[in-house]
$ cat query20.txt   # compact mmCIF, C-alpha atoms
# COMPACT_ATOMS: atom_id res chain seq x y z
CA MET A 223 75.06 80.26 116.02
CA HIS A 224 77.16 83.40 116.42
CA GLU A 225 77.31 84.28 112.73
CA LEU A 226 76.24 87.89 113.23
CA ALA A 227 79.27 88.65 115.38
CA VAL A 228 81.50 86.74 112.97
CA THR A 229 80.10 88.60 109.96
CA GLN A 230 80.52 91.99 111.63
CA SER A 231 84.17 91.18 112.31
CA VAL A 232 84.67 90.07 108.71
CA LEU A 233 83.30 93.38 107.48
CA GLU A 234 85.46 95.43 109.87
CA ILE A 235 88.63 93.59 108.90
CA ALA A 236 87.85 93.79 105.17
CA LEU A 237 87.05 97.52 105.30
CA ARG A 238 90.25 98.25 107.22
CA HIS A 239 92.45 96.38 104.75
CA ALA A 240 90.60 97.91 101.80
CA ALA A 241 91.11 101.41 103.18
CA GLN A 242 94.82 100.75 103.67
CA ALA A 243 95.05 99.62 100.05
CA GLY A 244 93.11 102.65 98.83
CA ALA A 245 90.30 100.51 97.43
CA ARG A 246 87.17 101.96 95.84
CA ARG A 247 85.29 98.71 96.10
CA ILE A 248 85.57 95.27 97.66
CA CYS A 249 84.26 92.66 95.24
CA GLY A 250 85.17 89.37 96.91
CA LEU A 251 86.16 87.90 100.27
CA TYR A 252 87.91 84.59 100.88
CA LEU A 253 87.08 82.98 104.21
CA VAL A 254 88.72 79.93 105.73
CA ILE A 255 86.45 78.11 108.14
CA GLY A 256 87.42 75.01 110.07
CA GLN A 257 84.77 72.36 110.51
CA LEU A 258 85.06 72.66 114.27
CA SER A 259 84.26 76.35 114.37
CA SER A 260 80.46 75.87 114.12
CA VAL A 261 79.96 78.66 111.60
CA VAL A 262 77.24 78.18 108.99
CA ASP A 263 78.00 79.64 105.54
CA ASP A 264 74.39 80.44 104.69
CA SER A 265 73.92 82.41 107.90
CA VAL A 266 77.07 84.44 107.27
CA ALA A 267 75.87 85.16 103.73
CA PHE A 268 72.46 86.20 105.07
CA TYR A 269 73.93 88.67 107.56
CA TRP A 270 76.50 89.81 105.02
CA ASP A 271 73.82 91.12 102.67
CA MET A 272 72.32 93.13 105.50
CA ILE A 273 75.39 94.63 107.12
CA SER A 274 77.49 95.30 104.01
CA ARG A 275 74.75 97.47 102.51
CA ASP A 276 75.88 101.06 101.88
CA THR A 277 79.54 100.16 102.36
CA ILE A 278 82.18 99.68 99.66
CA ALA A 279 81.74 95.96 100.23
CA GLN A 280 78.10 95.89 99.21
CA GLY A 281 77.45 93.08 96.77
CA ALA A 282 80.86 91.46 97.31
CA ALA A 283 80.92 87.71 96.80
CA LEU A 284 81.77 85.51 99.79
CA HIS A 285 83.98 82.51 99.05
CA PHE A 286 84.13 79.87 101.76
CA ARG A 287 86.91 77.35 102.06
CA ARG A 288 86.01 74.63 104.53
CA VAL A 289 88.91 72.96 106.34
CA PRO A 290 88.24 69.46 107.64
CA VAL A 291 89.32 68.43 111.10
CA GLU A 292 92.80 66.95 111.05
CA MET A 293 94.31 65.15 114.01
CA LEU A 294 97.89 64.08 114.70
CA CYS A 295 98.47 60.87 116.63
CA LEU A 296 101.31 61.44 119.11
CA ASP A 297 101.91 57.68 119.37
CA CYS A 298 102.34 56.75 115.69
CA ASP A 299 102.73 60.21 114.11
CA ARG A 300 99.89 59.58 111.66
CA ARG A 301 97.73 62.49 110.48
CA TYR A 302 94.08 61.64 109.99
CA THR A 303 90.57 63.03 109.72
CA PRO A 304 88.33 61.39 112.31
CA GLU A 305 85.53 59.46 110.63
CA LYS A 306 83.29 58.89 113.60
CA GLU A 307 82.57 60.62 116.88
CA ASP A 308 85.59 58.92 118.41
CA LEU A 309 88.69 60.99 117.81
CA ALA A 310 91.15 58.15 118.49
CA CYS A 311 93.77 57.26 115.89
CA PRO A 312 92.25 54.86 113.32
CA VAL A 313 95.62 53.14 112.77
CA CYS A 314 96.98 52.43 116.24
CA SER A 315 93.90 53.36 118.34
CA GLY A 316 96.12 55.86 120.14
CA ARG A 317 94.27 58.34 122.30
CA ARG A 318 97.11 60.82 122.76
CA VAL A 319 96.15 63.05 119.88
CA ARG A 320 96.35 66.68 118.93
CA LEU A 321 94.17 68.81 116.69
CA VAL A 322 96.29 70.28 113.89
CA ALA A 323 93.60 71.77 111.64
CA GLY A 324 89.90 72.43 111.57
CA ASP A 325 89.39 75.12 114.18
CA GLN A 326 90.49 78.15 112.15
CA LEU A 327 88.25 81.09 111.38
CA GLN A 328 90.16 83.44 109.11
CA LEU A 329 89.74 86.09 106.47
CA GLU A 330 92.46 85.03 104.05
CA SER A 331 92.25 87.66 101.30
CA ILE A 332 89.97 90.12 99.56
CA ASP A 333 89.46 91.19 95.95
CA ILE A 334 89.46 94.96 95.56
CA GLU A 335 89.16 97.57 92.83
CA THR A 336 91.26 100.68 93.22
CA MET B 227 90.32 94.16 86.99
CA PRO B 228 90.01 93.36 90.67
CA GLU B 229 93.20 92.78 92.54
CA ARG B 230 93.53 90.20 95.30
CA ILE B 231 95.25 91.37 98.48
CA PRO B 232 96.22 89.11 101.37
CA VAL B 233 94.59 89.70 104.75
CA VAL B 234 95.23 86.57 106.83
CA GLU B 235 93.57 87.74 110.03
CA ASP B 236 91.71 85.70 112.58
CA ILE B 237 88.14 86.85 112.28
CA LEU B 238 87.70 87.14 116.02
CA SER B 239 91.06 88.85 116.61
CA ALA B 240 89.41 92.13 117.64
CA ASN B 241 87.60 90.25 120.38
CA ASP B 242 90.86 88.59 121.42
CA ARG B 243 92.57 91.98 121.73
CA LEU B 244 89.77 93.32 123.89
CA ALA B 245 89.97 90.18 126.00
CA LEU B 246 93.63 90.99 126.69
CA GLU B 247 92.61 94.48 127.81
CA ASN B 248 89.99 93.00 130.12
CA ARG B 249 92.64 90.72 131.59
CA ALA B 250 94.97 93.66 132.18
CA ARG B 251 92.21 95.54 134.02
CA LEU B 252 91.43 92.52 136.18
CA ASP B 253 95.11 91.98 136.95
CA ALA B 254 95.60 95.63 137.84
CA ALA B 255 92.68 95.41 140.27
CA GLY B 256 94.00 92.13 141.73
CA VAL B 257 90.83 90.28 140.74
CA PHE B 258 90.87 86.57 139.85
CA SER B 259 88.16 85.68 137.35
CA LEU B 260 86.43 82.58 136.05
CA ASN B 261 84.40 82.15 132.85
CA MET B 262 81.62 79.71 133.78
CA MET B 263 80.14 77.89 130.77
CA ALA B 264 77.48 75.21 130.49
CA SER B 265 74.38 74.19 128.63
CA PRO B 266 71.09 75.63 129.93
CA GLY B 267 69.99 73.85 133.08
CA ALA B 268 73.32 72.23 133.97
CA GLY B 269 73.42 74.13 137.25
CA LYS B 270 75.72 77.07 136.54
CA THR B 271 73.75 79.47 138.71
CA SER B 272 73.52 76.95 141.55
CA ILE B 273 77.29 76.43 141.40
CA VAL B 274 77.78 80.20 141.42
CA GLU B 275 75.47 80.57 144.45
CA ARG B 276 77.20 77.76 146.32
CA THR B 277 80.60 79.22 145.53
CA ILE B 278 79.60 82.69 146.72
CA ARG B 279 78.23 81.33 149.99
CA ALA B 280 81.28 79.13 150.62
CA LEU B 281 83.94 81.72 149.82
CA SER B 282 82.42 85.06 150.77
CA GLY B 283 83.94 84.86 154.27
CA GLU B 284 87.43 84.91 152.80
CA MET B 285 87.00 86.64 149.41
CA ARG B 286 84.80 89.43 148.16
CA VAL B 287 82.90 87.96 145.23
CA GLY B 288 81.46 89.72 142.19
CA VAL B 289 79.29 88.10 139.55
CA ILE B 290 78.57 89.13 135.98
CA ASN B 291 75.67 87.20 134.49
CA GLY B 292 75.15 86.94 130.78
CA ASP B 293 71.58 86.23 129.84
CA LEU B 294 69.37 86.81 126.86
CA ALA B 295 66.84 88.99 128.68
CA THR B 296 66.06 88.35 132.34
CA SER B 297 67.86 89.21 135.59
CA ILE B 298 66.87 86.01 137.41
CA ASP B 299 70.46 84.76 137.67
CA ALA B 300 71.94 88.06 138.87
CA ASP B 301 69.17 88.33 141.47
CA ARG B 302 70.10 84.89 142.77
CA ALA B 303 73.80 85.81 142.92
CA ALA B 304 73.00 89.06 144.76
CA ALA B 305 70.80 87.18 147.23
CA ALA B 306 73.74 84.87 147.91
CA GLY B 307 75.83 87.88 148.90
CA ALA B 308 77.75 88.92 145.79
CA GLN B 309 78.01 92.20 143.98
CA ALA B 310 76.06 91.15 140.87
CA VAL B 311 75.59 92.69 137.45
CA GLN B 312 73.33 91.45 134.71
CA VAL B 313 74.49 91.79 131.11
CA ASN B 314 71.60 91.21 128.75
CA THR B 315 73.00 90.03 125.48
CA GLY B 316 69.91 91.03 123.54
CA GLY B 317 69.55 87.65 121.92
CA GLU B 318 73.25 86.95 121.36
CA CYS B 319 74.08 83.38 122.27
CA HIS B 320 77.30 84.14 124.14
CA LEU B 321 79.20 86.79 126.06
CA ASP B 322 82.09 88.41 124.27
CA ALA B 323 84.93 90.65 125.44
CA VAL B 324 82.96 93.84 124.70
CA MET B 325 80.02 92.69 126.81
CA LEU B 326 82.32 91.71 129.67
CA ARG B 327 83.97 95.13 129.50
CA GLY B 328 80.51 96.70 129.70
CA GLY B 329 79.66 94.54 132.70
CA MET B 330 82.91 95.46 134.45
CA GLU B 331 81.94 99.14 134.17
CA HIS B 332 79.11 98.43 136.58
CA ILE B 333 81.08 96.51 139.17
CA SER B 334 83.59 97.94 141.62
CA LEU B 335 86.64 95.87 140.76
CA ASP B 336 88.58 97.38 143.66
CA ARG B 337 85.99 95.97 146.04
CA ILE B 338 86.12 92.35 144.89
CA ASP B 339 88.74 89.60 144.85
CA LEU B 340 86.94 86.99 142.77
CA LEU B 341 84.83 87.61 139.67
CA LEU B 342 82.56 84.83 138.48
CA VAL B 343 81.36 85.41 134.92
CA GLU B 344 78.30 83.33 134.22
CA ASN B 345 78.13 82.90 130.46
CA VAL B 346 74.98 82.32 128.41
CA GLY B 347 73.76 78.73 128.66
CA ASN B 348 75.11 77.24 125.43
CA LEU B 349 77.78 74.66 124.59
CA ILE B 350 78.75 76.06 121.20
CA CYS B 351 79.24 79.81 120.94
CA PRO B 352 80.79 80.88 124.27
CA ALA B 353 83.87 78.76 123.55
CA ALA B 354 84.74 80.88 120.50
CA PHE B 355 84.85 84.20 122.35
CA ARG B 356 87.66 84.83 124.81
CA LEU B 357 86.65 87.17 127.59
CA GLY B 358 89.96 87.80 129.31
CA THR B 359 89.11 85.78 132.38
CA HIS B 360 91.91 83.80 134.05
CA ARG B 361 90.36 80.33 133.74
CA SER B 362 87.46 78.72 131.92
CA VAL B 363 85.16 76.40 133.81
CA LEU B 364 82.68 74.00 132.23
CA VAL B 365 79.72 72.72 134.22
CA ALA B 366 78.39 69.46 132.78
CA SER B 367 75.52 67.55 134.38
CA VAL B 368 74.61 63.90 134.24
CA PRO B 369 71.03 64.28 132.90
CA GLU B 370 72.46 65.90 129.76
CA GLY B 371 73.88 62.56 128.67
CA ALA B 372 77.40 61.25 128.32
CA ASP B 373 77.78 62.11 124.65
CA LYS B 374 78.33 65.84 125.14
CA PRO B 375 82.14 65.88 124.83
CA TYR B 376 81.75 64.11 121.48
CA LYS B 377 79.10 66.54 120.27
CA TYR B 378 80.68 69.76 121.54
CA PRO B 379 84.44 69.20 121.24
CA GLY B 380 85.17 72.91 120.83
CA THR B 381 83.93 73.66 124.33
CA TYR B 382 85.39 70.61 126.03
CA ARG B 383 88.87 71.08 124.60
CA GLY B 384 89.18 74.72 125.63
CA VAL B 385 88.40 74.65 129.34
CA ASP B 386 90.71 74.49 132.38
CA VAL B 387 88.41 72.73 134.81
CA LEU B 388 85.29 70.58 134.57
CA LEU B 389 82.51 70.11 137.09
CA ILE B 390 80.16 67.15 136.59
CA ASN B 391 77.07 68.33 138.43
CA LYS B 392 73.97 66.48 139.68
CA ILE B 393 75.84 63.27 140.53
CA ASP B 394 73.07 62.58 143.07
CA LEU B 395 71.00 61.63 139.99
CA LEU B 396 73.42 58.95 138.79
CA PRO B 397 71.25 56.07 140.12
CA TYR B 398 68.26 57.37 138.17
CA VAL B 399 69.66 58.30 134.76
CA ASP B 400 71.61 56.38 132.15
CA PHE B 401 74.88 58.25 132.27
CA ASP B 402 77.87 56.25 131.06
CA MET B 403 80.64 57.88 133.12
CA PRO B 404 83.57 55.95 131.53
CA TYR B 405 82.32 56.89 128.04
CA PHE B 406 81.95 60.53 129.09
CA ARG B 407 85.38 60.69 130.70
CA SER B 408 87.02 58.93 127.79
CA GLY B 409 85.61 61.58 125.44
CA VAL B 410 86.86 64.34 127.72
CA GLU B 411 90.29 62.77 128.11
CA ILE B 412 91.02 62.62 124.38
CA LEU B 413 90.04 66.27 123.90
CA ASN B 414 91.58 67.66 127.04
CA PRO B 415 94.10 65.25 128.59
CA GLY B 416 94.42 65.47 132.36
CA LEU B 417 91.59 68.00 132.69
CA VAL B 418 90.94 68.79 136.36
CA THR B 419 87.49 67.33 137.04
CA PHE B 420 85.19 67.53 140.05
CA PRO B 421 82.06 65.35 140.26
CA VAL B 422 79.67 67.38 142.42
CA SER B 423 76.08 67.76 143.49
CA CYS B 424 74.74 71.21 144.31
CA ARG B 425 71.74 69.52 145.85
CA THR B 426 73.62 67.39 148.40
CA GLY B 427 76.85 69.39 148.49
CA GLU B 428 78.89 66.31 147.63
CA GLY B 429 82.25 67.12 146.05
CA LEU B 430 81.89 70.87 146.31
CA ASP B 431 84.62 71.32 148.92
CA ALA B 432 87.21 70.08 146.44
CA TRP B 433 85.95 72.63 143.91
CA PHE B 434 86.09 75.47 146.46
CA ASP B 435 89.67 74.46 147.31
CA TRP B 436 90.56 74.56 143.63
CA VAL B 437 89.18 78.12 143.38
CA ARG B 438 91.18 79.19 146.46
CA ARG B 439 94.41 77.72 145.12
CA ALA B 440 93.90 79.04 141.59
CA ALA B 441 93.17 82.53 142.93
CA GLU B 442 96.60 82.52 144.58
CA ARG B 443 98.27 81.84 141.24
CA PRO B 444 96.14 83.69 138.71
CA GLY B 445 98.80 83.97 135.94

$ encode --input "query20.txt" --output "structure tokens"
Amino acid sequence: MHELAVTQSVLEIALRHAAQAGARRICGLYLVIGQLSSVVDDSVAFYWDMISRDTIAQGAALHFRRVPVEMLCLDCDRRYTPEKEDLACPVCSGRRVRLVAGDQLQLESIDIET
Amino acid sequence: MPERIPVVEDILSANDRLALENRARLDAAGVFSLNMMASPGAGKTSIVERTIRALSGEMRVGVINGDLATSIDADRAAAAGAQAVQVNTGGECHLDAVMLRGGMEHISLDRIDLLLVENVGNLICPAAFRLGTHRSVLVASVPEGADKPYKYPGTYRGVDVLLINKIDLLPYVDFDMPYFRSGVEILNPGLVTFPVSCRTGEGLDAWFDWVRRAAERPG
């Protein structure tokens, strides 16, 4: 839904790190996207082609790593990925739970040529 | 050969930094602020109007409305007695910290005590963008259906207070309150919740009291 804003931020961060490293070109970007973050890969790729044009990141490949939702049950200490809409612990039915993964939205690394 | 260099940055960190600046400006001006989120039609603007009318005797209220194109909401807030500014997002589905900063340029922060930020009607995107406001408020409404916490966990888990609006319609719609509240509870344990009706006024006094108390302890 808000992929344009996300893609613009990705470009800014990548260009800043590339400049610090003295890069001539950015050829790849590695993104980590939690399932909960509602970001659609295809939309990011679509905007990427438009906004990276005429920058040193033009034509760079986007690599997406999707991170599934992972919950921790505070009652039985089990880590699990919820299967259904209900987020309760599948082992003990505990409802005191905490999200431990799946909401991240990160640029992990970039491939550059110097 | 290309070389891989680590970055490890949150993609929205620039927005988060600007949100902190917005917060600092609000704190310096002594303004308490609320980010009001909801799906379209849940009653955000009606809640804002009611809140302005109830509190304007004791607090000076400002409103920043995020909307795709029109100024209908800001006009309603101004008619209710607030200093109101419309931020047209130009199609963006949410407000972000930059847009809020732009809106704050057009409001006299030294002449208000409470700033209500009415976000774009949407249960997905606004939750991802911090604005710098002191608390986040979600307005749900019973005609939307009780499954919303399950479908939009990102929004429900990030808010500080929940209003369940249009409870006057409970006899007429199939809204499974225990199912709804159970979904909310697992995502956001102990979330402060006010069932209200803007139409009848039921429950609103408790919400106004919450705003008064929260404004005394903004931190």

$ residues_near_point --input "query20.txt" --point "(88.3, 60.7, 114.0)" --cutoff "12 Å" --atoms "only C-alpha atoms" --output "mmCIF file with C-alpha atoms, in the coordinates of the input"
data_model
loop_
_atom_site.group_PDB
_atom_site.id
_atom_site.type_symbol
_atom_site.label_atom_id
_atom_site.label_comp_id
_atom_site.auth_asym_id
_atom_site.auth_seq_id
_atom_site.Cartn_x
_atom_site.Cartn_y
_atom_site.Cartn_z
ATOM 1 C CA PRO A 290 88.240 69.460 107.640
ATOM 2 C CA VAL A 291 89.320 68.430 111.100
ATOM 3 C CA GLU A 292 92.800 66.950 111.050
ATOM 4 C CA MET A 293 94.310 65.150 114.010
ATOM 5 C CA LEU A 294 97.890 64.080 114.700
ATOM 6 C CA CYS A 295 98.470 60.870 116.630
ATOM 7 C CA ARG A 300 99.890 59.580 111.660
ATOM 8 C CA ARG A 301 97.730 62.490 110.480
ATOM 9 C CA TYR A 302 94.080 61.640 109.990
ATOM 10 C CA THR A 303 90.570 63.030 109.720
ATOM 11 C CA PRO A 304 88.330 61.390 112.310
ATOM 12 C CA GLU A 305 85.530 59.460 110.630
ATOM 13 C CA LYS A 306 83.290 58.890 113.600
ATOM 14 C CA GLU A 307 82.570 60.620 116.880
ATOM 15 C CA ASP A 308 85.590 58.920 118.410
ATOM 16 C CA LEU A 309 88.690 60.990 117.810
ATOM 17 C CA ALA A 310 91.150 58.150 118.490
ATOM 18 C CA CYS A 311 93.770 57.260 115.890
ATOM 19 C CA PRO A 312 92.250 54.860 113.320
ATOM 20 C CA VAL A 313 95.620 53.140 112.770
ATOM 21 C CA SER A 315 93.900 53.360 118.340
ATOM 22 C CA GLY A 316 96.120 55.860 120.140
ATOM 23 C CA ARG A 317 94.270 58.340 122.300
ATOM 24 C CA VAL A 319 96.150 63.050 119.880
ATOM 25 C CA ARG A 320 96.350 66.680 118.930
ATOM 26 C CA LEU A 321 94.170 68.810 116.690
ATOM 27 C CA TYR B 376 81.750 64.110 121.480
ATOM 28 C CA PRO B 379 84.440 69.200 121.240
ATOM 29 C CA GLY B 409 85.610 61.580 125.440
ATOM 30 C CA ILE B 412 91.020 62.620 124.380
ATOM 31 C CA LEU B 413 90.040 66.270 123.900
#

$ closest_atom_pairs --input "query20.txt" --of "chain A" --to "chain B" --cutoff "8 Å" --atoms "only C-alpha atoms" --output "Markdown table"
| residue | atom | partner | partner_atom | distance |
| --- | --- | --- | --- | --- |
| A:Met223 | CA | B:Cys351 | CA | 6.5 |
| A:His224 | CA | B:Cys351 | CA | 6.1 |
| A:Val228 | CA | B:Ile237 | CA | 6.7 |
| A:Ser231 | CA | B:Ile237 | CA | 5.9 |
| A:Val232 | CA | B:Ile237 | CA | 5.9 |
| A:Ile235 | CA | B:Ile237 | CA | 7.6 |
| A:Ala236 | CA | B:Val233 | CA | 7.9 |
| A:His239 | CA | B:Val233 | CA | 7.0 |
| A:Cys249 | CA | B:Pro228 | CA | 7.4 |
| A:Leu258 | CA | B:Gly380 | CA | 6.6 |
| A:Ser259 | CA | B:Gly380 | CA | 7.4 |
| A:Ser260 | CA | B:Ile350 | CA | 7.3 |
| A:Glu307 | CA | B:Tyr376 | CA | 5.8 |
| A:Asp308 | CA | B:Tyr376 | CA | 7.1 |
| A:Leu309 | CA | B:Ile412 | CA | 7.2 |
| A:Ala310 | CA | B:Ile412 | CA | 7.4 |
| A:Arg317 | CA | B:Ile412 | CA | 5.8 |
| A:Arg318 | CA | B:Ile412 | CA | 6.6 |
| A:Val319 | CA | B:Ile412 | CA | 6.8 |
| A:Gln326 | CA | B:Asp236 | CA | 7.7 |
| A:Leu327 | CA | B:Ile237 | CA | 5.8 |
| A:Gln328 | CA | B:Asp236 | CA | 4.4 |
| A:Leu329 | CA | B:Glu235 | CA | 5.5 |
| A:Glu330 | CA | B:Val234 | CA | 4.2 |
| A:Ser331 | CA | B:Pro232 | CA | 4.2 |
| A:Ile332 | CA | B:Ile231 | CA | 5.5 |
| A:Asp333 | CA | B:Arg230 | CA | 4.2 |
| A:Ile334 | CA | B:Pro228 | CA | 5.2 |
| A:Glu335 | CA | B:Pro228 | CA | 4.8 |
| A:Thr336 | CA | B:Pro228 | CA | 7.9 |

$ atom_distance --input "query20.txt" --atom1 "atom CA of Met285 of chain B" --atom2 "atom CA of Leu430 of chain B"
16.9 Å

$ residues_around --input "query20.txt" --residues "Thr277 of chain A" --least-positions-apart "4" --cutoff "9 Å" --atoms "all atoms listed in the file" --output "PyMOL selection string"
chain A and resi 237+247+273

$ closest_residue --input "query20.txt" --among "B:Arg276, B:Lys270, B:Arg356, B:Arg302" --to "Val324 of chain B" --atoms "all atoms listed in the file"
B:Arg356

$ atom_distance --input "query20.txt" --atom1 "atom CA of Val274 of chain B" --atom2 "atom CA of Leu246 of chain B"
24.2 Å

$ residues_around --input "query20.txt" --residues "Asp271 of chain A" --least-positions-apart "4" --cutoff "10 Å" --atoms "all atoms listed in the file" --output "list in words"
Thr229, Val266, Ala267, Arg275, Ala279, Gln280, Gly281, Ala282 and Ala283 of chain A

$ atom_distance --input "query20.txt" --atom1 "atom CA of Leu335 of chain B" --atom2 "atom CA of Val257 of chain B"
7.0 Å

$ axis_aligned_box --input "query20.txt" --around "segment 309-318 of chain A" --padding-each-side "4 Å" --output "JSON"
{"center_x": 92.9, "center_y": 56.7, "center_z": 117.8, "size_x": 16.4, "size_y": 16.6, "size_z": 18.0}
